[in-house]
Each structure stands twice: as structure tokens, then as C-alpha cells.
Amino acid sequence: MAEEDDAAAADALSASDLHFVFACGLSASDLATCALVSKFWRHAVQSAPCWRSILSSDYGIVGAPHGPPSTETEGDVPLAPCTAYGLWARSDYGKFGATWMRAGRAWKAVEAFLDAQEGNDVARSMRESLCAGATEEHIDTVEAQIMTLLGLDASTKLPVAYRAILRHHDGQDLLFDRERGRTEASIRTAFHGLFGGYIVYDHCVNVRLYSIQQALDTTTWLRNQGSPVSLHDTHIVIAASFNFSKCFTMDVCTGNIYCATVMGNEPDDSVPACPVSEKDGEHDAVLRWFEHYARLVDADVYDFEELQAGEDVTKGLSLFPVRESPFGTDLPAWSAPWRRVDASVAPTPRPVAPTDGSIPLLGPSIAITQGVRVACAAVMLAEHGIRRNGDRVVCGFAYSVRYDMPSMHELRTLGCAPGSAADAQLDSRHWLFTDGAGKVNEVRGKAVIGLHPHLQQAADGAARNPFVYQSQTGPTVVTTHMRGGFDFVPGTLQRPMGPTFYARCNELVLDVPRYVR
């Protein structure tokens, strides 16, 4: 009798009253419990408007509710929000929860970045190389083989965050991997890795994302070959350069991701590529690493260029920043908009010089002197390892220096005075490296990489034609501040049109970033 009275009292609430209560932060499981109270409550739960917000928070579904991919109700077919949620919850996607939304938003940002590069054949090739998402059945099959290879219990599962990444795109399918460089076209795609790269002297890096099958095959091959790449017992290779000069590995037990080091360099260990997961059961480091990359490309921090100056075949995504990260060295709060994914947010123009006076970590540092612009950026060579010299941390850095002479219109826009001539030629270089202990290493010399670049001022509206070169430091104590400049002669060295002037290179910091690219 008491139970009937309780049910009657519960049904005394109107549907609108219940909808107000349901909207006060109840989860999908809470609503499912409420639906058991009575038939009236079940109908109220099914018609509750709050299902729209739950769909958005759990699966990233905005706009008209619809079912997941690979169902008869996918796409634009309108559904009741409660019905749509049920389809998502019962599908394979239901197991990912918020992780699915995070991986999807990151992938959308990457896709939008590549799609926005109009007329860029490299970006188009990279976009087309993205494979369809892997099925749960395929991942399960390869997962079992991975655990056997690593000697782990068959009950060990790959991190959900890694599975979510692969469910959207199962790595890249590059022509180079199929033809192994037998044609020039396939050689070009060796530099179309999703995660970009750089070339410094004979050290060539361009990192692509592996499919789960490639991750298994490459890990097996490296282990059987006695590879110089440092592989821990529970690690698999999930992304790597075509020549294995740089490999990113993931611990299948924790989800933490590392940049593997090359044996013989006597590194302390593989370098964490992302802050490690510290909470029990939080195995999402690989996804945080991928999200950070998506944030960078979404903000146009990187650009496409010849990784080896003058070699068109090496054109790819360069990891030398051309724009300072808008969120510093860490991932921003998730309330911050993704610029291209959120169409309501207008694209922000790329600045050509720092505006807040800060010293950028790894760059770019930009300065204009008498019409000559010098931009310098760096990337840590994590693949060479980190060593400890007493209480000091030592590692290597590659750096890129870019010279050009902006047009008169651009100089006026920047508020910079033009030089005394419309062209200038480099004579010598000067670098100062100051470590945390105040020790200064000074480098002077003629030319750069044996060349004396001759710059000419760009015409208004014309494309820039910069001179770019790459070099690297020796073992460098972190944190080190790098600055310097270059002696330029107006006109040419043979026919100077004025006195030599010093084009400075603003300071940048060489330090270990929280996220290794």
C-alpha cells in the first residue's frame, strides 16, 4: 500500500516538472533509473529535452540528433534525442564515452587544417592518405597478436583512447609504403607524414601515423632485427619516420607515449612525448598528445615547406614553428574554441612578430632590422635522448633560420622603417648561447652553411621568397637562451651600397617542451 502511495505521489508531478528535475545534471544512467518509477515517468524520461545536452556531452552530437555511423539512422536522419542516445549507447561507440568526442574533435581539426590548404598538393596527399576507421573486430584481432608478441596476458587491452583514435582513421596509407621508393612519386610521399618533420644535415625526419596493423608489423620487425631504436618490453611503435630516425612508442599497459631514443647515444631513457598519466585508470596520454598536435595545426603554428631547402621532393609539414603557440607550452582549457571546427569563430591573422615582449619557447623569434627580417625557430631532437651531466639536463636542438625582406607595404603595416637599399647580402653570423648557470658560448663565422644569401625586397602583393637554412646545436644544457645576429651589406658584397648593418635575431628559449613532436 505504501509503495502505491509513493508511486501516486511521484505521478503527481507534471511532465514539465520532471523535465526540470531531469535537466539538473542527471546522467543517462540516472534517467534510466528514473524510467523505472512508473509508466508516466518512463514517458517523461523519453521525451525529456535534456537528452540533447547529454548527447552533446557524451558523444559530441550537436544539432539534429542522429544515430552513429554504419547504422540505418546515421547522418541527417532526424530522431528523437532519447532514441538517438540509445542507438549510440548500444553501438560500439558507446564504450568510448567522452573519449570518442575528444578524438573526433581532434580529427576534425586536423582534417579542416588539411582541407584549408587550397592548391597544396602535399596537404591533399596527406588528407587522401588517411585511412577509414578500423572496426572493433579488426582492432580486437590485432590486439590479441600484439599481446602475444609482447608476452602479456591475453586479457590485456589496448587503451581506449588509442582505440578511439584508430576508430576514426586507422593510420595513413602512403604510396611510399607500397612502392618502397621505386618511383619519384612514392619518394615524395615519404615526406607526407601527418606529424611532419625536419632535415638537418644528414638527419632526416618525417613522422607518419601507423595503422594498428603497421604498428604490429613494425614492432615485430624492429624486435626481430635487433634495432638500435630503444623499445621497452610493453611498448609498440604507433608513429615513425620512414627511415626510423624518429619513432613514437606507446606503453600498451598505461597508454603513455614516448619518443624512442637511438641506442649508442647513452640516453637516460626514452623521452616522454606527453605528460604521463598520473591518475589510476587514466590511460589517455596518447590522446592528449594527439589533441595537442591538432591544436597546433588548427592554430597554423606549422606550415608546409621544403624540409631540405632547394629540394622540392622533400616538401612536407615542417616542425619548425612559424607562429608562436597561442596557448603556450600546455593544452588549453577545453572551453577554448577550435578555430576551424567552430565556424562561428573568425580565423585570426598570423602575426609576423611577437607582440607581448615574451621570449618564445622554441620559437619563432622574429626581428626586423633595416628591412631584413630574421625568424628563428627550434625543435628538440628527442630521438637523440636526454643525458644528465651532474644536476644539469643536456639534449640537442635543431634550429631553422629564415631571412627575407618584406615589401614596403608590409613594413608600413608593421611600423618598421625600410632599409637603405632594396637588396642586401649576408656576410657573417654571430650566436650567443647562455645556459641556466650563466655560462656563455659564443660562435662567430663567415657565411651560413657556406653560403652568402642575397636578399631582395618583395614587391607589394608578391609572394615571399625567403632564404632558409637549418643547423643544430651540440649537447645543450637546458634551459639555454639563444640569440645573435648577422652582418648584412646593403646591395652585394662585391658592390656595397652602404655600411654593414647588424640584423639581430631575437632571443628564444631552448628547453624540453611538455609535448614532444
# chains A, B, ... in the order shown; residues from 1 in each chain; ligands from 1

call {"tool": "residues_around", "arguments": {"residues": "Gly438 of chain A", "least_positions_apart": "4", "cutoff": "12 Å", "atoms": "only C-alpha atoms", "output": "NGL selection string"}}
result
:A and (432-434 or 477-481)

call {"tool": "select_by_dssp", "arguments": {"residues": "segment 136-210 of chain A", "states": "strand (DSSP E)", "output": "short mmCIF file (atom, residue, chain, number, x, y, z; two decimals) with N, CA, C and O atoms, in the first residue's frame"}}
result
data_model
loop_
_atom_site.label_atom_id
_atom_site.label_comp_id
_atom_site.auth_asym_id
_atom_site.auth_seq_id
_atom_site.Cartn_x
_atom_site.Cartn_y
_atom_site.Cartn_z
N GLY A 197 57.98 16.92 -39.98
CA GLY A 197 59.37 16.57 -39.74
C GLY A 197 60.32 17.73 -40.01
O GLY A 197 59.93 18.89 -40.05
N TYR A 198 61.58 17.38 -40.25
CA TYR A 198 62.65 18.36 -40.48
C TYR A 198 63.85 17.61 -41.03
O TYR A 198 63.96 16.37 -40.90
N ILE A 199 64.74 18.35 -41.66
CA ILE A 199 66.01 17.79 -42.14
C ILE A 199 67.12 18.71 -41.68
O ILE A 199 67.08 19.92 -41.92
N VAL A 200 68.09 18.15 -40.98
CA VAL A 200 69.27 18.89 -40.53
C VAL A 200 70.50 18.09 -40.92
O VAL A 200 70.71 16.98 -40.41
N HIS A 203 70.42 14.26 -41.14
CA HIS A 203 69.39 13.72 -40.24
C HIS A 203 68.02 14.12 -40.78
O HIS A 203 67.64 15.28 -40.76
N CYS A 204 67.29 13.12 -41.28
CA CYS A 204 66.01 13.36 -41.95
C CYS A 204 64.89 12.71 -41.15
O CYS A 204 64.94 11.51 -40.84
N VAL A 205 63.87 13.51 -40.84
CA VAL A 205 62.74 13.03 -40.04
C VAL A 205 61.44 13.43 -40.71
O VAL A 205 61.28 14.58 -41.14
N ASN A 206 60.51 12.51 -40.84
CA ASN A 206 59.14 12.82 -41.24
C ASN A 206 58.25 11.70 -40.70
O ASN A 206 58.36 10.55 -41.13
N VAL A 207 57.38 12.04 -39.77
CA VAL A 207 56.67 11.03 -38.99
C VAL A 207 55.25 10.85 -39.50
O VAL A 207 54.49 11.81 -39.60
N ARG A 208 54.90 9.59 -39.81
CA ARG A 208 53.54 9.27 -40.21
C ARG A 208 52.85 8.46 -39.12
O ARG A 208 53.52 7.84 -38.27
N LEU A 209 51.52 8.47 -39.14
CA LEU A 209 50.73 7.70 -38.18
C LEU A 209 50.54 6.30 -38.73
O LEU A 209 50.11 6.12 -39.87
#

call {"tool": "residues_around", "arguments": {"residues": "segment 119-129 of chain A", "least_positions_apart": "2", "cutoff": "7 Å", "atoms": "only C-alpha atoms", "output": "PyMOL selection string"}}
result
chain A and resi 111+114+117+131+172-174+192-194+316

call {"tool": "closest_residue", "arguments": {"among": "A:Leu493, A:Ala98, A:Val509, A:Ala109", "to": "Leu296 of chain A", "atoms": "only C-alpha atoms"}}
result
A:Ala109

call {"tool": "residues_around", "arguments": {"residues": "Ser428 of chain A", "least_positions_apart": "6", "cutoff": "6 Å", "atoms": "only C-alpha atoms", "output": "list in words"}}
result
Gly445, Lys446, Ala447, Phe486 and Asp487 of chain A

call {"tool": "select_by_dssp", "arguments": {"residues": "segment 28-260 of chain A", "states": "alpha helix (DSSP H)", "output": "ChimeraX atom specification"}}
result
/A:28-34,39-46,51-59,81-90,98-115,121-129,136-150,160-168,175-179,184-189,212-225
